[in-house]
Amino acid sequence: MPGSFFDTNVLLYVAAADTSKADRAQELLRDGGLVSVQVLNEMANVLRRKMRLTWAETHLFLATIRDLVSVQPLTVETHERGLGLAERYGLSIYDAMIVAAALDADCDILWSEDMQNGMTIEGRIAIVNPFTQTS
């Protein structure tokens, strides 16, 4: 069943000062979606190091996100698929692992501000920047 997959950067706006992007991210989250364990790890790193949230605030934010979306596990197969995607599409390793997890979850949209807006991967998943769309 097709669905939405979220890149780290989109979800971090929920906790950011930019209210227009925070509102858009929250709007997308109302429909649910998926993230990978990697996305959760990247969020934890940014919340602690850049946003300087306490451990308690970090745990609460991540638990809230996990309540709103499903979490796609990472496997060796996801890792191998990600390596192939990085090589084939010129993606960074970390971006390719997110795309691989989204493909494993049969998603058809990957919401990302950082990856190439409009790019389609494997003919199955479109990368969409939610902050340049009027959907």
# chains A, B, ... in the order shown; residues from 1 in each chain; ligands from 1

$ residues_around --residues "Val46 of chain A" --least-positions-apart "3" --cutoff "10 Å" --atoms "only C-alpha atoms" --output "PyMOL selection string"
chain A and resi 8-9+12+41-43+49-53+58

$ write_last_selection --atoms "N, CA and C atoms" --output "compact mmCIF listing (two decimals), in the first residue's frame"
# COMPACT_ATOMS: atom_id res chain seq x y z
N THR A 8 14.48 13.14 7.73
CA THR A 8 14.75 13.77 9.02
C THR A 8 14.43 15.25 9.03
N ASN A 9 14.90 15.96 7.99
CA ASN A 9 14.78 17.42 7.99
C ASN A 9 13.33 17.89 8.07
N LEU A 12 12.07 17.57 11.72
CA LEU A 12 12.72 18.48 12.67
C LEU A 12 12.05 19.85 12.69
N ASN A 41 17.43 8.21 14.61
CA ASN A 41 18.78 8.46 15.12
C ASN A 41 19.29 9.82 14.70
N GLU A 42 19.07 10.20 13.44
CA GLU A 42 19.51 11.51 12.97
C GLU A 42 18.78 12.63 13.72
N MET A 43 17.49 12.43 13.97
CA MET A 43 16.74 13.43 14.72
C MET A 43 17.29 13.58 16.14
N ARG A 49 22.42 17.99 19.74
CA ARG A 49 23.62 18.79 19.44
C ARG A 49 23.32 20.18 18.91
N LYS A 50 22.37 20.29 18.00
CA LYS A 50 22.10 21.59 17.38
C LYS A 50 20.99 22.36 18.09
N MET A 51 19.94 21.66 18.46
CA MET A 51 18.81 22.34 19.10
C MET A 51 18.96 22.39 20.62
N ARG A 52 19.91 21.64 21.13
CA ARG A 52 20.26 21.62 22.55
C ARG A 52 19.10 21.26 23.48
N LEU A 53 18.26 20.33 23.02
CA LEU A 53 17.20 19.84 23.89
C LEU A 53 17.79 18.95 24.97
N THR A 58 14.27 15.34 24.35
CA THR A 58 14.60 14.53 23.17
C THR A 58 13.77 13.26 23.16

$ closest_residue --among "A:Thr132, A:Ser20, A:Ser36, A:Thr54" --to "Val99 of chain A" --atoms "only C-alpha atoms"
A:Ser36

$ closest_residue --among "A:Ala16, A:Ala44, A:Ala25, A:Val69" --to "Trp111 of chain A" --atoms "only C-alpha atoms"
A:Ala25

$ closest_residue --among "A:Thr19, A:Gln72, A:Asn129, A:Ser4" --to "Ala100 of chain A" --atoms "only C-alpha atoms"
A:Gln72

$ residues_around --residues "segment 117-123 of chain A" --least-positions-apart "4" --cutoff "10 Å" --atoms "only C-alpha atoms" --output "tab-separated table (two decimals) with N, CA and C atoms, in the first residue's frame"
chain	number	residue	atom	x	y	z
A	85	LEU	N	21.58	2.01	-4.46
A	85	LEU	CA	20.93	3.28	-4.81
A	85	LEU	C	21.91	4.44	-4.80
A	88	ARG	N	23.93	4.02	-7.99
A	88	ARG	CA	23.16	4.23	-9.23
A	88	ARG	C	22.69	5.68	-9.40
A	89	TYR	N	22.24	6.31	-8.30
A	89	TYR	CA	21.62	7.63	-8.39
A	89	TYR	C	22.51	8.76	-7.89
A	99	VAL	N	16.07	6.27	1.39
A	99	VAL	CA	15.31	5.90	0.19
A	99	VAL	C	15.08	4.38	0.18
A	100	ALA	N	16.10	3.62	0.52
A	100	ALA	CA	15.97	2.16	0.54
A	100	ALA	C	14.90	1.73	1.54
A	103	LEU	N	11.53	2.48	0.08
A	103	LEU	CA	11.17	1.49	-0.94
A	103	LEU	C	10.76	0.17	-0.28
A	108	ASP	N	5.28	5.63	-1.82
A	108	ASP	CA	5.37	6.25	-3.14
A	108	ASP	C	5.81	7.71	-3.08
A	109	ILE	N	5.85	8.29	-1.87
A	109	ILE	CA	6.36	9.66	-1.68
A	109	ILE	C	7.38	9.66	-0.56
A	110	LEU	N	8.49	10.33	-0.81
A	110	LEU	CA	9.50	10.59	0.22
A	110	LEU	C	9.56	12.10	0.39
A	111	TRP	N	9.06	12.58	1.52
A	111	TRP	CA	9.09	14.01	1.81
A	111	TRP	C	10.48	14.39	2.28
A	112	SER	N	11.15	15.25	1.54
A	112	SER	CA	12.51	15.66	1.89
A	112	SER	C	12.79	17.06	1.38
A	113	GLU	N	13.36	17.87	2.22
A	113	GLU	CA	13.78	19.20	1.80
A	113	GLU	C	15.17	19.17	1.17
A	127	ILE	N	10.56	11.88	-4.81
A	127	ILE	CA	11.06	12.75	-3.76
A	127	ILE	C	10.36	14.09	-3.93
A	128	VAL	N	9.72	14.54	-2.87
A	128	VAL	CA	8.94	15.78	-2.93
A	128	VAL	C	9.35	16.70	-1.78
A	129	ASN	N	9.69	17.93	-2.12
A	129	ASN	CA	9.96	18.93	-1.11
A	129	ASN	C	8.62	19.52	-0.67
A	130	PRO	N	8.19	19.27	0.55
A	130	PRO	CA	6.86	19.71	0.97
A	130	PRO	C	6.74	21.22	1.13
A	132	THR	N	7.90	23.41	-1.10
A	132	THR	CA	7.76	24.08	-2.39
A	132	THR	C	6.50	23.64	-3.10
A	133	GLN	N	5.72	22.79	-2.45
A	133	GLN	CA	4.49	22.27	-3.03
A	133	GLN	C	3.29	23.03	-2.46

$ residues_around --residues "Val35 of chain A" --least-positions-apart "4" --cutoff "10 Å" --atoms "only C-alpha atoms" --output "PyMOL selection string"
chain A and resi 4-8+11+39-40+65-66+69-73+98+101-102+105+110

$ write_last_selection --atoms "C-alpha atoms" --output "mmCIF file, in the first residue's frame"
data_model
loop_
_atom_site.group_PDB
_atom_site.id
_atom_site.type_symbol
_atom_site.label_atom_id
_atom_site.label_comp_id
_atom_site.auth_asym_id
_atom_site.auth_seq_id
_atom_site.Cartn_x
_atom_site.Cartn_y
_atom_site.Cartn_z
ATOM 1 C CA SER A 4 4.460 8.720 2.735
ATOM 2 C CA PHE A 5 7.959 8.421 4.131
ATOM 3 C CA PHE A 6 9.618 11.283 6.005
ATOM 4 C CA ASP A 7 13.215 12.446 5.816
ATOM 5 C CA THR A 8 14.751 13.770 9.022
ATOM 6 C CA LEU A 11 10.220 16.227 10.914
ATOM 7 C CA VAL A 39 15.701 8.988 10.700
ATOM 8 C CA LEU A 40 15.036 8.642 14.430
ATOM 9 C CA ILE A 65 6.964 11.187 16.373
ATOM 10 C CA ARG A 66 6.824 7.402 16.896
ATOM 11 C CA VAL A 69 4.195 7.385 12.225
ATOM 12 C CA SER A 70 5.276 3.781 11.786
ATOM 13 C CA VAL A 71 8.939 2.877 12.036
ATOM 14 C CA GLN A 72 10.552 0.871 9.250
ATOM 15 C CA PRO A 73 13.328 -1.357 10.624
ATOM 16 C CA ILE A 98 16.467 6.447 3.776
ATOM 17 C CA ALA A 101 13.870 1.998 3.725
ATOM 18 C CA ALA A 102 11.079 3.923 1.978
ATOM 19 C CA ALA A 105 8.002 0.018 3.015
ATOM 20 C CA LEU A 110 9.495 10.588 0.219
#

$ select_by_dssp --residues "chain A" --states "alpha helix (DSSP H)" --output "number ranges by chain"
A: 8-12, 19-29, 37-49, 55-68, 76-89, 93-104

$ atom_distance --atom1 "atom CA of Val37 of chain A" --atom2 "atom CA of Ile93 of chain A"
14.9 Å

$ atom_distance --atom1 "atom CA of Arg24 of chain A" --atom2 "atom CA of Gln116 of chain A"
18.8 Å
